[in-house]
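Participant: What follows is input23.cif; its format and atoms are mmCIF, C-alpha atoms.
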```
data_input
#
loop_
_atom_site.label_atom_id
_atom_site.label_comp_id
_atom_site.auth_asym_id
_atom_site.auth_seq_id
_atom_site.Cartn_x
_atom_site.Cartn_y
_atom_site.Cartn_z
CA PRO A 1 0.00 0.00 0.00
CA GLY A 2 1.22 3.48 -0.87
CA ILE A 3 3.99 2.28 -3.17
CA ASP A 4 4.16 2.88 -6.89
CA SER A 5 7.34 1.09 -7.87
CA THR A 6 8.90 1.24 -11.31
CA SER A 7 11.62 -1.19 -12.35
CA ARG A 8 14.74 0.47 -13.62
CA THR A 9 18.10 -0.61 -14.95
CA LEU A 10 21.35 0.57 -13.52
CA ARG A 11 24.54 0.69 -15.52
CA ALA A 12 27.69 0.37 -13.44
CA LYS A 13 31.17 1.48 -14.46
CA ARG A 14 33.40 -1.30 -13.19
CA SER A 15 37.08 -2.08 -12.83
CA ALA A 16 38.92 -5.17 -11.65
CA SER A 17 40.36 -3.35 -8.64
CA SER A 18 37.49 -1.24 -7.39
CA GLY A 19 33.86 -0.36 -7.90
CA PRO A 20 30.69 0.67 -6.14
CA PHE A 21 30.01 -2.98 -5.34
CA PRO A 22 33.28 -4.24 -3.75
CA GLY A 23 34.27 -7.81 -4.55
CA ASP A 24 32.02 -8.14 -7.60
CA THR A 25 33.50 -7.11 -10.95
CA SER A 26 31.26 -9.11 -13.27
CA MET A 27 27.88 -7.41 -12.94
CA ALA A 28 27.03 -4.68 -15.46
CA LEU A 29 23.27 -4.43 -15.00
CA ILE A 30 21.55 -4.28 -11.64
CA LEU A 31 17.85 -4.21 -10.90
CA THR A 32 16.68 -1.12 -9.05
CA THR A 33 13.38 0.42 -8.11
CA MET A 34 12.19 3.86 -7.23
CA ALA A 35 9.03 4.61 -5.29
CA ARG A 36 7.38 7.76 -6.59
CA CYS A 37 5.98 10.17 -4.03
CA LEU A 38 2.22 10.11 -4.47
CA SER A 39 1.08 12.32 -1.62
CA GLY A 40 1.92 12.95 2.02
CA ARG A 41 2.06 9.68 3.89
CA ARG A 42 2.10 7.64 0.67
CA ARG A 43 5.81 8.22 0.28
CA ALA A 44 7.49 4.87 0.92
CA LEU A 45 10.60 2.74 0.96
CA ALA A 46 11.47 1.82 -2.61
CA LEU A 47 12.75 -1.67 -1.90
CA LEU A 48 9.81 -4.03 -2.26
CA ALA A 49 9.78 -4.61 -6.01
CA ALA A 50 13.52 -5.12 -6.25
CA LEU A 51 13.65 -7.47 -3.30
CA ALA A 52 10.68 -9.46 -4.54
CA ALA A 53 12.36 -9.85 -7.93
CA ALA A 54 15.83 -10.65 -6.63
CA PRO A 55 15.31 -14.38 -5.94
CA ALA A 56 14.05 -14.90 -9.50
CA LEU A 57 17.05 -13.26 -11.16
CA GLN A 58 19.27 -15.74 -13.02
CA PRO A 59 22.98 -15.09 -12.32
CA SER A 60 25.54 -15.14 -15.10
CA ASP A 61 27.96 -18.06 -15.42
CA ALA A 62 30.60 -16.01 -13.61
CA GLN A 63 28.22 -15.24 -10.77
CA ALA A 64 27.07 -18.84 -10.54
CA ALA A 65 30.66 -19.97 -10.27
CA THR A 66 31.27 -17.69 -7.31
CA LYS A 67 27.72 -18.03 -5.88
CA ARG A 68 27.33 -14.29 -5.52
CA ALA A 69 23.92 -12.85 -4.76
CA PRO A 70 22.47 -10.08 -6.97
CA LYS A 71 23.36 -6.57 -5.81
CA LEU A 72 20.71 -3.95 -5.17
CA PHE A 73 20.60 -0.16 -5.34
CA ALA A 74 17.52 1.12 -3.52
CA PHE A 75 15.89 4.52 -3.17
CA TYR A 76 14.48 5.29 0.27
CA SER A 77 11.76 7.75 1.29
CA ARG A 78 10.07 8.57 4.56
CA VAL A 79 6.64 7.17 5.39
CA GLY A 80 6.10 7.78 9.07
CA GLY A 81 8.59 5.21 10.34
CA ALA A 82 7.45 2.15 8.39
CA GLU A 83 10.40 2.56 6.04
CA LEU A 84 12.88 2.11 8.89
CA THR A 85 11.25 -1.12 10.03
CA ARG A 86 11.39 -2.45 6.48
CA LEU A 87 15.02 -1.40 6.14
CA GLU A 88 15.89 -3.35 9.28
CA GLN A 89 14.33 -6.42 7.67
CA VAL A 90 15.95 -6.27 4.23
CA GLY A 91 19.01 -4.05 4.65
CA ARG A 92 21.49 -6.92 4.37
CA ARG A 93 20.35 -7.49 0.79
CA ILE A 94 21.12 -3.92 -0.26
CA SER A 95 24.48 -2.68 -1.54
CA ILE A 96 23.68 1.02 -1.85
CA LEU A 97 20.83 2.96 -0.23
CA ALA A 98 19.87 6.35 -1.70
CA PRO A 99 17.70 8.23 0.82
CA ASN A 100 15.73 11.21 -0.52
CA TRP A 101 17.18 13.62 2.01
CA TYR A 102 18.35 16.72 0.13
CA ALA A 103 17.08 19.36 -2.28
CA LEU A 104 19.15 22.02 -4.03
CA ASP A 105 17.89 25.60 -3.92
CA ASN A 106 18.69 27.11 -7.34
CA ARG A 107 18.64 30.65 -5.99
CA THR A 108 20.88 30.31 -2.94
CA VAL A 109 22.78 27.20 -4.10
CA THR A 110 22.25 25.68 -0.67
CA LEU A 111 21.03 22.22 0.23
CA ARG A 112 17.92 21.73 2.30
CA GLY A 113 17.64 18.61 4.41
CA GLY A 114 19.85 18.78 7.49
CA ALA A 115 21.93 15.96 8.93
CA PRO A 116 21.53 12.34 7.81
CA ASP A 117 19.11 10.21 9.82
CA PRO A 118 21.35 8.67 12.51
CA ARG A 119 19.18 5.54 12.61
CA VAL A 120 19.76 4.89 8.91
CA MET A 121 23.48 5.55 9.25
CA ALA A 122 23.67 3.13 12.18
CA LEU A 123 21.89 0.46 10.17
CA SER A 124 24.29 1.00 7.28
CA ARG A 125 27.17 0.09 9.54
CA THR A 126 25.36 -2.86 11.13
CA LEU A 127 23.87 -4.33 7.96
CA GLY A 128 26.70 -3.44 5.58
CA PHE A 129 25.18 -1.14 2.93
CA ALA A 130 26.58 2.18 1.67
CA VAL A 131 24.58 5.39 1.90
CA TRP A 132 24.57 7.69 -1.15
CA PRO A 133 21.88 10.31 -0.35
CA VAL A 134 19.92 11.86 -3.20
CA VAL A 135 20.42 15.52 -4.03
CA ASN A 136 17.23 16.51 -5.85
CA ALA A 137 17.02 19.59 -8.06
CA THR A 138 14.43 21.00 -10.42
CA VAL A 139 16.33 23.17 -12.88
CA GLY A 140 13.62 24.54 -15.16
CA SER A 141 14.64 27.90 -16.57
CA SER A 142 17.36 28.49 -13.96
CA LYS A 143 20.73 29.43 -15.44
CA LEU A 144 22.64 28.10 -12.42
CA ILE A 145 24.54 25.35 -14.23
CA ASP A 146 25.01 27.30 -17.48
CA THR A 147 28.28 28.87 -16.37
CA ALA A 148 31.49 27.48 -14.91
CA ASP A 149 31.02 29.69 -11.85
CA GLY A 150 27.50 28.40 -11.26
CA ARG A 151 28.60 24.78 -11.63
CA ALA A 152 31.48 25.39 -9.21
CA LYS A 153 29.04 26.65 -6.59
CA VAL A 154 26.82 23.57 -6.98
CA VAL A 155 29.81 21.24 -6.72
CA ALA A 156 31.16 23.10 -3.68
CA SER A 157 27.82 22.82 -1.91
CA ILE A 158 27.45 19.10 -2.59
CA THR A 159 31.04 18.12 -1.80
CA ALA A 160 30.95 20.13 1.44
CA LEU A 161 27.82 18.23 2.48
CA ALA A 162 29.47 14.90 1.70
CA ALA A 163 32.60 15.83 3.63
CA VAL A 164 30.81 17.16 6.71
CA HIS A 165 28.71 14.03 7.10
CA GLY A 166 31.30 11.51 5.90
CA LEU A 167 29.07 10.18 3.12
CA ALA A 168 30.28 7.29 0.95
CA GLY A 169 28.68 8.84 -2.13
CA ILE A 170 26.01 11.10 -3.63
CA THR A 171 23.11 10.38 -5.97
CA LEU A 172 22.37 13.35 -8.24
CA ASP A 173 18.79 13.66 -9.47
CA MET A 174 18.59 16.87 -11.47
CA GLU A 175 15.39 17.10 -13.52
CA SER A 176 13.32 19.46 -15.70
CA LEU A 177 16.45 20.26 -17.68
CA GLN A 178 15.97 22.14 -20.93
CA PRO A 179 17.43 20.37 -24.00
CA GLY A 180 19.94 23.19 -24.45
CA LYS A 181 21.58 22.38 -21.11
CA ARG A 182 23.06 19.12 -22.39
CA GLU A 183 26.68 20.28 -22.43
CA ALA A 184 26.32 22.22 -19.18
CA PHE A 185 24.89 19.24 -17.34
CA THR A 186 27.60 16.93 -18.66
CA ALA A 187 30.22 19.44 -17.50
CA LEU A 188 28.59 19.55 -14.06
CA VAL A 189 28.63 15.76 -13.73
CA ARG A 190 32.29 15.58 -14.76
CA TYR A 191 33.28 18.30 -12.31
CA LEU A 192 31.25 16.85 -9.43
CA SER A 193 32.49 13.33 -10.08
CA GLY A 194 36.11 14.50 -10.12
CA GLU A 195 35.77 16.37 -6.84
CA LEU A 196 33.97 13.51 -5.10
CA HIS A 197 36.56 11.02 -6.33
CA ARG A 198 39.30 13.22 -4.92
CA GLN A 199 37.56 12.86 -1.55
CA GLY A 200 37.34 9.10 -1.99
CA ARG A 201 33.58 9.22 -2.59
CA ARG A 202 31.30 7.98 -5.39
CA LEU A 203 28.64 9.48 -7.66
CA ALA A 204 25.42 8.05 -9.09
CA VAL A 205 23.45 10.10 -11.61
CA TYR A 206 19.81 9.74 -12.61
CA ALA A 207 19.10 10.38 -16.29
CA LEU A 208 15.76 10.35 -18.10
CA ARG A 209 15.28 7.45 -20.46
CA ARG A 210 15.40 8.02 -24.20
CA THR A 211 12.80 5.88 -25.90
CA TYR A 212 13.06 7.21 -29.43
CA THR A 213 15.72 8.53 -31.79
CA GLU A 214 14.88 12.21 -32.20
CA VAL A 215 14.71 13.53 -28.65
CA ARG A 216 13.57 17.13 -28.28
CA THR A 217 12.41 17.06 -24.67
CA SER A 218 14.42 17.36 -21.45
CA ALA A 219 15.67 13.80 -22.01
CA TYR A 220 18.05 15.25 -24.60
CA ALA A 221 19.90 17.08 -21.82
CA TYR A 222 21.31 13.78 -20.58
CA ASP A 223 24.28 12.62 -22.65
CA TRP A 224 24.26 9.00 -21.51
CA PRO A 225 27.70 7.92 -22.86
CA LYS A 226 29.52 10.93 -21.43
CA ILE A 227 27.69 10.82 -18.09
CA ALA A 228 28.39 7.10 -17.79
CA GLY A 229 32.05 7.81 -18.47
CA ALA A 230 32.24 10.26 -15.59
CA ALA A 231 29.91 8.89 -12.92
CA ASP A 232 30.26 5.60 -11.05
CA LEU A 233 26.64 4.63 -11.64
CA LEU A 234 24.07 5.77 -14.21
CA LEU A 235 20.41 5.24 -13.42
CA GLY A 236 17.67 5.50 -15.98
#
```
Once more with this new file: its structure as structure tokens, please.
Facilitator:
Amino acid sequence: PGIDSTSRTLRAKRSASSGPFPGDTSMALILTTMARCLSGRRRALALLAALAAAPALQPSDAQAATKRAPKLFAFYSRVGGAELTRLEQVGRRISILAPNWYALDNRTVTLRGGAPDPRVMALSRTLGFAVWPVVNATVGSSKLIDTADGRAKVVASITALAAVHGLAGITLDMESLQPGKREAFTALVRYLSGELHRQGRRLAVYALRRTYTEVRTSAYAYDWPKIAGAADLLLG
């Protein structure tokens, strides 16, 4: 009840020595879900669909040989405490949790949201999942990321947040981009990724799906190949 889950695919940039999912270098596609906020108390933990599907997933030959379980990236939203109970139950099956904790103010370039939930952070240590909070932003007609100076301010705000709270990574969800912001957004992702990597942190980026060849909507603003080359994870 209260969950509208949509299956998504996650593309991971991997290497033999490191990656967002330590110890597993063979997986390129990972099932994820995201619960959309419907209204008030209907916001919910976006784990159920992924966890229900996980047992049915058929591992590759490499995975079968090593008997590794599928890895999960899960979005997490507040729903009056029920989400925390569910996280306690299934947290060991999650690799990365992306709580919807932060929102970027385009005018002041500040992040609203406060400190991470200490209960979630404690569970991350106990159950063994990483926490990459979501930084949400609705760009619209804002010119914030159009200039190098504006992008630098956004990156400074996000990296400062990550450093203050000792976050393992950040999930960037910047939407309502105009098609003309394609190069600016790519530049932002590259800059942010570089700064986070210098801190020893990771970056996941949400990008709208392209379902047809000639894209003239905001989906055009997401240059999938270039974003995938800069970020650690690309979600679509």
Participant: What does the distance from CA of Leu235 in chain A to CA of Leu97 in chain A come to in Å, to one decimal?
Facilitator: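 According to the coordinates, CA of Leu235 in chain A and CA of Leu97 in chain A are separated by 13.4 Å.
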Participant: Range 131-137 of chain A, all listed atoms, 5 Å padding on each side: what axis-aligned box centre and edge lengths in Å to one decimal come out, as lines of an AutoDock Vina configuration file?
Facilitator:
```
center_x = 20.8
center_y = 12.5
center_z = -3.1
size_x = 17.6
size_y = 24.2
size_z = 20.0
```
Participant: Tell me, in Å to one decimal, how far CA of Arg119 in chain A is from CA of Ile94 in chain A.
Facilitator: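 Taking CA of Arg119 in chain A and CA of Ile94 in chain A, their separation equals 16.1 Å.
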Participant: Identify, on the basis of only C-alpha atoms, every residue whose closest approach to Gly150 in chain A does not exceed 10 Å; exclude the query and any residue fewer than 5 positions from it along the same chain; express the result as a PDB file with C-alpha atoms, keeping the file's coordinate frame.
Facilitator:
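Output saved as selection.pdb:
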```pdb
ATOM      1  CA  ASN A 106      18.690  27.110  -7.340  1.00  0.00           C
ATOM      2  CA  VAL A 109      22.780  27.200  -4.100  1.00  0.00           C
ATOM      3  CA  LYS A 143      20.730  29.430 -15.440  1.00  0.00           C
ATOM      4  CA  LEU A 144      22.640  28.100 -12.420  1.00  0.00           C
ATOM      5  CA  ILE A 145      24.540  25.350 -14.230  1.00  0.00           C
ATOM      6  CA  VAL A 155      29.810  21.240  -6.720  1.00  0.00           C
ATOM      7  CA  ALA A 156      31.160  23.100  -3.680  1.00  0.00           C
ATOM      8  CA  LEU A 188      28.590  19.550 -14.060  1.00  0.00           C
TER       9      LEU A 188
END
```
Participant: What residues come out when you apply the PyMOL selection byres ((chain A and resi 129) around 12) to this file, written as number ranges by chain?
Facilitator: A: 20-22, 71-74, 87-88, 90-98, 120-128, 130-132, 167-169
Participant: A:Asp105, A:Glu183, A:Asp173, A:Asp117: which is nearest Lys153 in chain A, counting all atoms listed in the file?
Facilitator: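 Among the listed residues, the smallest separation from Lys153 in chain A belongs to A:Asp105.
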